[in-house]
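Enquirer: Quick one, my_file-v7.txt (compact mmCIF, C-alpha atoms):
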# COMPACT_ATOMS: atom_id res chain seq x y z
CA MET A 5 56.69 -27.02 96.47
CA ARG A 6 53.14 -25.76 96.21
CA THR A 7 54.31 -22.58 94.57
CA PHE A 8 56.33 -24.51 91.95
CA ARG A 9 53.38 -26.73 91.16
CA ASN A 10 51.10 -23.74 90.72
CA ARG A 11 53.58 -22.12 88.37
CA THR A 12 53.91 -25.35 86.39
CA THR A 13 50.15 -25.66 86.11
CA VAL A 14 49.79 -22.08 84.91
CA LEU A 15 52.59 -22.52 82.39
CA ALA A 16 51.05 -25.72 81.02
CA ALA A 17 47.65 -24.06 80.68
CA ALA A 18 49.18 -21.11 78.88
CA THR A 19 51.06 -23.42 76.51
CA THR A 20 47.87 -25.39 75.76
CA ALA A 21 45.93 -22.22 75.08
CA ALA A 22 48.66 -20.89 72.75
CA LEU A 23 48.73 -24.20 70.85
CA ALA A 24 44.96 -24.16 70.50
CA LEU A 25 45.02 -20.63 69.15
CA THR A 26 47.77 -21.56 66.68
CA LEU A 27 45.79 -24.57 65.38
CA THR A 28 42.63 -22.51 65.12
CA ALA A 29 44.44 -19.77 63.23
CA CYS A 30 45.96 -22.30 60.84
CA GLY A 31 42.56 -23.85 60.22
CA ASP A 32 40.93 -20.46 59.53
CA ASN A 33 43.69 -19.37 57.20
CA GLY A 34 43.47 -22.61 55.26
CA THR A 35 39.70 -22.32 54.98
CA GLY A 36 39.88 -18.66 54.02
CA THR A 37 42.49 -19.33 51.39
CA ARG A 38 40.52 -22.21 49.94
CA SER A 39 37.29 -20.22 49.96
CA GLU A 40 38.88 -17.20 48.29
CA GLY A 41 40.63 -19.42 45.74
CA SER A 42 37.36 -21.16 44.94
CA ALA A 43 35.51 -17.87 44.55
CA ALA A 44 38.24 -16.47 42.31
CA SER A 45 38.21 -19.64 40.20
CA ASP A 46 34.43 -19.53 39.85
CA SER A 47 34.54 -15.85 38.86
CA ALA A 48 37.20 -16.52 36.24
CA THR A 49 35.13 -19.36 34.81
CA VAL A 50 32.03 -17.19 34.49
CA ALA A 51 34.04 -14.33 32.99
CA ALA A 52 35.54 -16.67 30.40
CA GLU A 53 32.20 -18.24 29.47
CA SER A 54 30.11 -15.05 29.36
CA PRO A 55 31.41 -13.63 25.99
CA LYS A 56 30.89 -16.98 24.26
CA ALA A 57 27.40 -17.30 25.70
CA ALA A 58 26.56 -13.80 24.49
CA ASP A 59 27.93 -14.57 21.02
CA ASP A 60 26.01 -17.84 20.82
CA ALA A 61 22.82 -16.08 21.88
CA ALA A 62 23.28 -13.35 19.27
CA ASP A 63 23.89 -15.91 16.50
CA THR A 64 20.95 -18.13 17.36
CA GLY A 65 18.53 -15.39 18.37
CA THR A 66 17.96 -16.99 21.82
CA THR A 67 17.45 -14.88 24.93
CA GLU A 68 18.86 -14.98 28.45
CA SER A 69 16.43 -15.11 31.33
CA THR A 70 17.84 -12.33 33.49
CA GLY A 71 19.45 -8.92 33.36
CA SER A 72 20.24 -6.59 30.49
CA GLY A 73 21.51 -9.53 28.43
CA THR A 74 17.92 -10.32 27.48
CA ALA A 75 17.37 -6.97 25.77
CA THR A 76 20.74 -7.13 24.02
CA THR A 77 20.15 -10.61 22.63
CA GLN A 78 16.60 -9.85 21.55
CA ALA A 79 17.77 -6.72 19.75
CA ALA A 80 20.44 -8.67 17.87
CA GLY A 81 17.91 -11.27 16.79
CA ALA A 82 15.46 -8.61 15.67
CA ALA A 83 18.12 -6.82 13.66
CA LYS A 84 19.02 -10.00 11.75
CA SER A 85 15.38 -10.72 11.04
CA SER A 86 14.80 -7.17 9.83
CA GLY A 87 17.84 -7.30 7.54
CA SER A 88 16.58 -10.48 5.91
CA SER A 89 13.16 -9.00 5.21
CA GLY A 90 14.69 -5.83 3.77
CA GLY A 91 16.77 -7.81 1.30
CA THR A 92 13.73 -9.70 0.03
CA SER A 93 11.79 -6.48 -0.45
CA ALA A 94 14.64 -4.78 -2.32
CA GLU A 95 14.94 -7.67 -4.75
CA ALA A 96 11.29 -7.52 -5.76
CA SER A 97 10.70 -6.02 -9.23
CA ALA A 98 7.75 -4.95 -11.38
CA PRO A 99 6.46 -7.24 -14.15
CA LEU A 100 7.43 -6.45 -17.74
CA CYS A 101 5.15 -4.21 -19.78
CA THR A 102 3.27 -5.77 -22.70
CA ALA A 103 1.81 -4.29 -25.87
CA LYS A 104 -1.69 -5.13 -24.62
CA GLY A 105 -1.17 -2.93 -21.57
CA LEU A 106 0.27 0.03 -23.49
CA GLN A 107 -1.05 2.71 -25.81
CA ILE A 108 1.76 3.43 -28.28
CA THR A 109 1.52 6.56 -30.43
CA ALA A 110 3.86 8.68 -32.58
CA GLU A 111 4.22 12.39 -33.26
CA ARG A 112 6.69 14.40 -35.29
CA GLN A 113 9.37 15.96 -33.14
CA ASP A 114 10.61 18.80 -35.33
CA GLY A 115 9.72 20.93 -38.33
CA PRO A 116 10.23 20.34 -42.08
CA PRO A 117 11.68 18.16 -43.37
CA TYR A 118 10.58 16.23 -40.27
CA THR A 119 13.59 14.05 -39.67
CA HIS A 120 12.64 12.90 -36.14
CA LEU A 121 9.60 11.58 -34.33
CA THR A 122 8.74 10.68 -30.76
CA LEU A 123 7.16 7.39 -29.70
CA SER A 124 5.06 7.43 -26.53
CA ALA A 125 4.00 4.30 -24.64
CA LYS A 126 1.34 4.98 -22.00
CA ASN A 127 0.69 2.36 -19.33
CA THR A 128 -3.02 1.52 -19.52
CA SER A 129 -2.78 -1.81 -17.68
CA GLY A 130 -3.78 -0.51 -14.23
CA ALA A 131 -0.57 -1.85 -12.62
CA GLY A 132 3.07 -0.84 -12.58
CA CYS A 133 5.38 -2.47 -15.13
CA GLU A 134 8.94 -2.22 -16.44
CA MET A 135 9.93 -1.12 -19.95
CA LYS A 136 13.04 -2.94 -21.16
CA GLU A 137 15.63 -1.82 -23.69
CA TYR A 138 14.44 -0.17 -26.93
CA PRO A 139 11.50 -0.66 -29.32
CA HIS A 140 12.04 -3.01 -32.25
CA ILE A 141 10.70 -0.80 -35.06
CA HIS A 142 9.96 -2.09 -38.54
CA PHE A 143 9.33 0.90 -40.81
CA LEU A 144 9.50 -1.23 -43.96
CA ASP A 145 9.42 -4.95 -44.67
CA ASN A 146 11.19 -7.35 -42.35
CA ALA A 147 14.00 -7.83 -44.86
CA ARG A 148 15.12 -4.24 -44.17
CA GLY A 149 15.65 -5.13 -40.52
CA ILE A 150 14.81 -3.13 -37.39
CA VAL A 151 15.86 0.43 -36.63
CA PRO A 152 19.20 0.15 -34.73
CA PRO A 153 19.53 1.58 -31.19
CA VAL A 154 21.83 4.39 -30.05
CA ALA A 155 23.84 3.13 -27.07
CA LYS A 156 24.35 6.50 -25.38
CA SER A 157 20.58 6.88 -24.80
CA LYS A 158 20.42 3.75 -22.61
CA PRO A 159 19.19 4.70 -19.09
CA GLN A 160 21.18 3.69 -16.02
CA ALA A 161 18.18 2.72 -13.88
CA PRO A 162 15.19 0.46 -14.67
CA VAL A 163 12.28 2.26 -16.37
CA ILE A 164 9.21 1.57 -14.22
CA LEU A 165 5.84 2.89 -15.41
CA GLU A 166 3.06 3.41 -12.91
CA PRO A 167 -0.53 3.31 -14.22
CA GLY A 168 -1.10 6.30 -16.52
CA GLN A 169 2.61 7.08 -16.83
CA SER A 170 4.38 7.08 -20.21
CA ALA A 171 7.79 6.08 -21.57
CA TYR A 172 9.31 7.86 -24.56
CA VAL A 173 11.71 7.13 -27.40
CA ALA A 174 13.35 9.50 -29.86
CA VAL A 175 13.56 8.11 -33.40
CA ARG A 176 15.54 9.47 -36.32
CA MET A 177 13.88 8.69 -39.67
CA SER A 178 16.28 10.46 -42.04
CA GLU A 179 18.70 13.37 -42.26
CA GLY A 180 16.51 15.57 -44.41
CA GLY A 181 18.95 15.98 -47.28
CA ARG A 182 17.55 17.02 -50.67
CA LYS A 183 19.30 14.21 -52.48
CA GLU A 184 18.60 11.72 -49.72
CA SER A 185 16.90 8.52 -50.85
CA THR A 186 13.76 8.04 -48.71
CA GLU A 187 10.65 5.88 -48.73
CA THR A 188 7.19 6.82 -47.52
CA VAL A 189 5.63 4.98 -44.56
CA LYS A 190 2.03 5.42 -43.41
CA GLU A 191 2.16 2.86 -40.61
CA PHE A 192 4.80 0.75 -38.93
CA THR A 193 5.14 -1.86 -36.19
CA VAL A 194 6.69 -1.63 -32.71
CA THR A 195 7.58 -4.90 -31.01
CA LEU A 196 8.48 -5.25 -27.33
CA LYS A 197 10.79 -8.11 -28.20
CA ALA A 198 13.02 -7.70 -25.15
CA ASN A 199 9.92 -8.01 -22.98
CA GLY A 200 8.37 -10.83 -24.99
CA GLY A 201 5.35 -8.56 -24.79
CA GLY A 202 3.93 -8.57 -28.29
CA MET A 203 3.58 -6.06 -31.11
CA ALA A 204 1.64 -2.85 -31.79
CA VAL A 205 0.80 -1.23 -35.12
CA VAL A 206 1.43 2.54 -35.09
CA LYS A 207 -0.04 4.93 -37.67
CA SER A 208 1.90 7.83 -39.13
CA PRO A 209 1.17 11.16 -37.41
CA ALA A 210 1.12 12.81 -40.86
CA PRO A 211 -1.57 11.99 -43.46
CA GLU A 212 1.02 12.04 -46.23
CA GLY A 213 3.17 9.53 -44.33
CA LEU A 214 6.74 9.59 -43.00
CA SER A 215 9.87 9.77 -45.10
CA VAL A 216 12.39 7.21 -43.87
CA ASN A 217 15.92 6.33 -44.94
CA PRO A 218 17.17 2.84 -43.99
CA GLN A 219 20.76 4.13 -44.12
CA LYS A 220 20.16 6.90 -41.58
CA TRP A 221 17.43 5.80 -39.20
CA ALA A 222 18.13 5.15 -35.48
CA THR A 223 16.20 4.81 -32.23
CA GLY A 224 16.82 5.56 -28.58
CA TYR A 225 15.99 3.45 -25.52
CA TRP A 226 12.77 3.74 -23.54
CA THR A 227 12.99 6.46 -20.88
CA THR A 228 10.49 8.24 -18.66
CA GLU A 229 11.46 11.54 -20.31
CA LEU A 230 13.34 12.64 -23.39
CA ARG A 231 16.76 13.79 -22.25
CA ASN A 232 18.87 16.44 -23.92
CA GLY A 233 22.19 15.14 -25.16
CA ALA A 234 21.62 11.42 -24.70
CA ASP A 235 18.64 11.50 -27.07
CA ASP A 236 20.17 14.03 -29.44
CA PHE A 237 21.03 12.03 -32.55
What would you get if you wrote out this structure as structure tokens?
Expert:
Amino acid sequence: MRTFRNRTTVLAAATTAALALTLTACGDNGTGTRSEGSAASDSATVAAESPKAADDAADTGTTESTGSGTATTQAAGAAKSSGSSGGTSAEASAPLCTAKGLQITAERQDGPPYTHLTLSAKNTSGAGCEMKEYPHIHFLDNARGIVPPVAKSKPQAPVILEPGQSAYVAVRMSEGGRKESTETVKEFTVTLKANGGGMAVVKSPAPEGLSVNPQKWATGYWTTELRNGADDF
């Protein structure tokens, strides 16, 4: 009887211990599973939110407090700021030249019968300025109209004159034909009408005056240099 009781006691103790181990194992596995699931969920949440946070920071120019994200966000903000400043600077332009700030002179461009002349406009204003379009030249009375421009001589880029720099215009006065009907001009006017910059009176470079033909005259556009081809008319 004593031996049976001892065996029963041992068996019961073993069963209790096995049950305890089983319950403990179940509790650990449940905790482990829940912990790992929670960690995975938290990681997924952070991973999903991080790109949006980075985009928001880049758009608003704000910075993160830790890690390499700070440098990235600051660089994005600086780049946007720099781009804005660059656009403003590029859009800035020089003021328009005026007759008061220019010294306009004329000289004959070729030999007899002197069919062409060159107008020079030197910037004496002490500041950079822009020359627009072509000079409005009146060789004769206003009723004869201005000398018409030649479209092919129009420059592609703005003509900016720094202090002391000159702009030039080629002008055709006549064709030099023997039977050509011309009139003599000893002075004429040049108006910067496109600039709203006033008028200058220019004297003839020849004491005897210039021979002009209203049917043949033409003018080029202001350029920083006389160009072959475009100013050949």
Enquirer: If I take atom CA of A:Asp114 and atom CA of A:Tyr138, how far is one from the other in Å, to one decimal?
Expert: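 Distance reported for this atom pair: 21.1 Å.
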Enquirer: Just the residues within 12 Å of A:Lys183, please, counting only C-alpha atoms, with nothing from its chain fewer than 4 positions along; format it as a PyMOL selection string.
Expert: chain A and resi 178-179+217
Enquirer: Quick check, in Å to one decimal: how far apart do atom CA of A:Glu111 and atom CA of A:Val163 lie?
Expert: 21.3 Å
Enquirer: If we count all atoms listed in the file and set the cut-off at 12 Å, which residues sit around A:Leu100, ignoring sequence neighbours fewer than 4 positions away in its own chain? Please answer as a list in words.
Expert: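 Contacts, in chain order: Lys104, Gly105, Leu106, Asn127, Ser129, Ala131, Gly132, Cys133, Glu134, Met135, Lys136, Glu137, Pro162, Val163, Ile164, Leu165, Glu166, Leu196, Lys197, Ala198, Asn199, Gly200, Gly201 and Gly202 of chain A.
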Enquirer: Pick from A:Met203, A:Ala110, A:Leu123, A:Val154: nearest to A:Leu230, with all atoms listed in the file counted?
Expert: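 Selected residue with least distance to A:Leu230: A:Leu123.
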Enquirer: Quick one, how far is atom CA of A:Ala174 from atom CA of A:Ala98?
Expert: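 Between atom CA of A:Ala174 and atom CA of A:Ala98 the gap is 24.1 Å.
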Enquirer: Hey, what's within 10 Å of A:Gly181 if we count all atoms listed in the file and toss same-chain stuff fewer than 4 positions away? As a PyMOL selection string, please?
Expert: chain A and resi 117+119+185-186
Enquirer: Store the residues of this selection in a file with C-alpha atoms, as a short mmCIF file (atom, residue, chain, number, x, y, z; two decimals), keeping the file's coordinate frame.
Expert:
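As written to disk, selection.cif reads:
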data_model
loop_
_atom_site.label_atom_id
_atom_site.label_comp_id
_atom_site.auth_asym_id
_atom_site.auth_seq_id
_atom_site.Cartn_x
_atom_site.Cartn_y
_atom_site.Cartn_z
CA PRO A 117 11.68 18.16 -43.37
CA THR A 119 13.59 14.05 -39.67
CA SER A 185 16.90 8.52 -50.85
CA THR A 186 13.76 8.04 -48.71
#
Enquirer: From the options A:Glu212, A:Lys156, A:Lys207, A:Ala161, which residue's atoms come nearest to A:Asn232, counting all atoms listed in the file?
Expert: A:Lys156
Enquirer: Between A:Val151, A:Val189, A:Ile141, A:Ala204, which has the minimum distance to A:Thr102 (counting all atoms listed in the file)?
Expert: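 Among A:Val151, A:Val189, A:Ile141, A:Ala204, it is A:Ala204 that comes nearest to A:Thr102.
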Enquirer: Within 10 Å of A:Pro209, counting only C-alpha atoms, which residues qualify if same-chain residues fewer than 3 places away don't, as a PyMOL selection string?
Expert: chain A and resi 109-112+121+190-191+206+212-214
Enquirer: Mind giving me the axis-aligned box for stretch 171-175 of chain A with 5 Å on every side, centre plus edges in Å to one decimal, as lines of an AutoDock Vina configuration file?
Expert:
center_x = 10.7
center_y = 7.8
center_z = -27.5
size_x = 15.8
size_y = 13.4
size_z = 21.8
Enquirer: Any idea what's packed within 12 Å of A:Ala234, counting all atoms listed in the file, ignoring anything in its chain fewer than 5 positions away? Could you give it as a list of chain:residue names?
Expert: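 The contact residues come out as A:Pro153, A:Val154, A:Ala155, A:Lys156, A:Ser157, A:Lys158, A:Pro159, A:Gln160, A:Val173, A:Ala174, A:Thr223, A:Gly224, A:Tyr225, A:Trp226, A:Thr227, A:Glu229.
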Enquirer: Could you write out that same residue set with C-alpha atoms as a JSON list (two decimals), in the frame of the given file?
Expert:
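selection.json, freshly written:
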[["chain", "number", "residue", "atom", "x", "y", "z"],
["A", 153, "PRO", "CA", 19.53, 1.58, -31.19],
["A", 154, "VAL", "CA", 21.83, 4.39, -30.05],
["A", 155, "ALA", "CA", 23.84, 3.13, -27.07],
["A", 156, "LYS", "CA", 24.35, 6.50, -25.38],
["A", 157, "SER", "CA", 20.58, 6.88, -24.80],
["A", 158, "LYS", "CA", 20.42, 3.75, -22.61],
["A", 159, "PRO", "CA", 19.19, 4.70, -19.09],
["A", 160, "GLN", "CA", 21.18, 3.69, -16.02],
["A", 173, "VAL", "CA", 11.71, 7.13, -27.40],
["A", 174, "ALA", "CA", 13.35, 9.50, -29.86],
["A", 223, "THR", "CA", 16.20, 4.81, -32.23],
["A", 224, "GLY", "CA", 16.82, 5.56, -28.58],
["A", 225, "TYR", "CA", 15.99, 3.45, -25.52],
["A", 226, "TRP", "CA", 12.77, 3.74, -23.54],
["A", 227, "THR", "CA", 12.99, 6.46, -20.88],
["A", 229, "GLU", "CA", 11.46, 11.54, -20.31]]
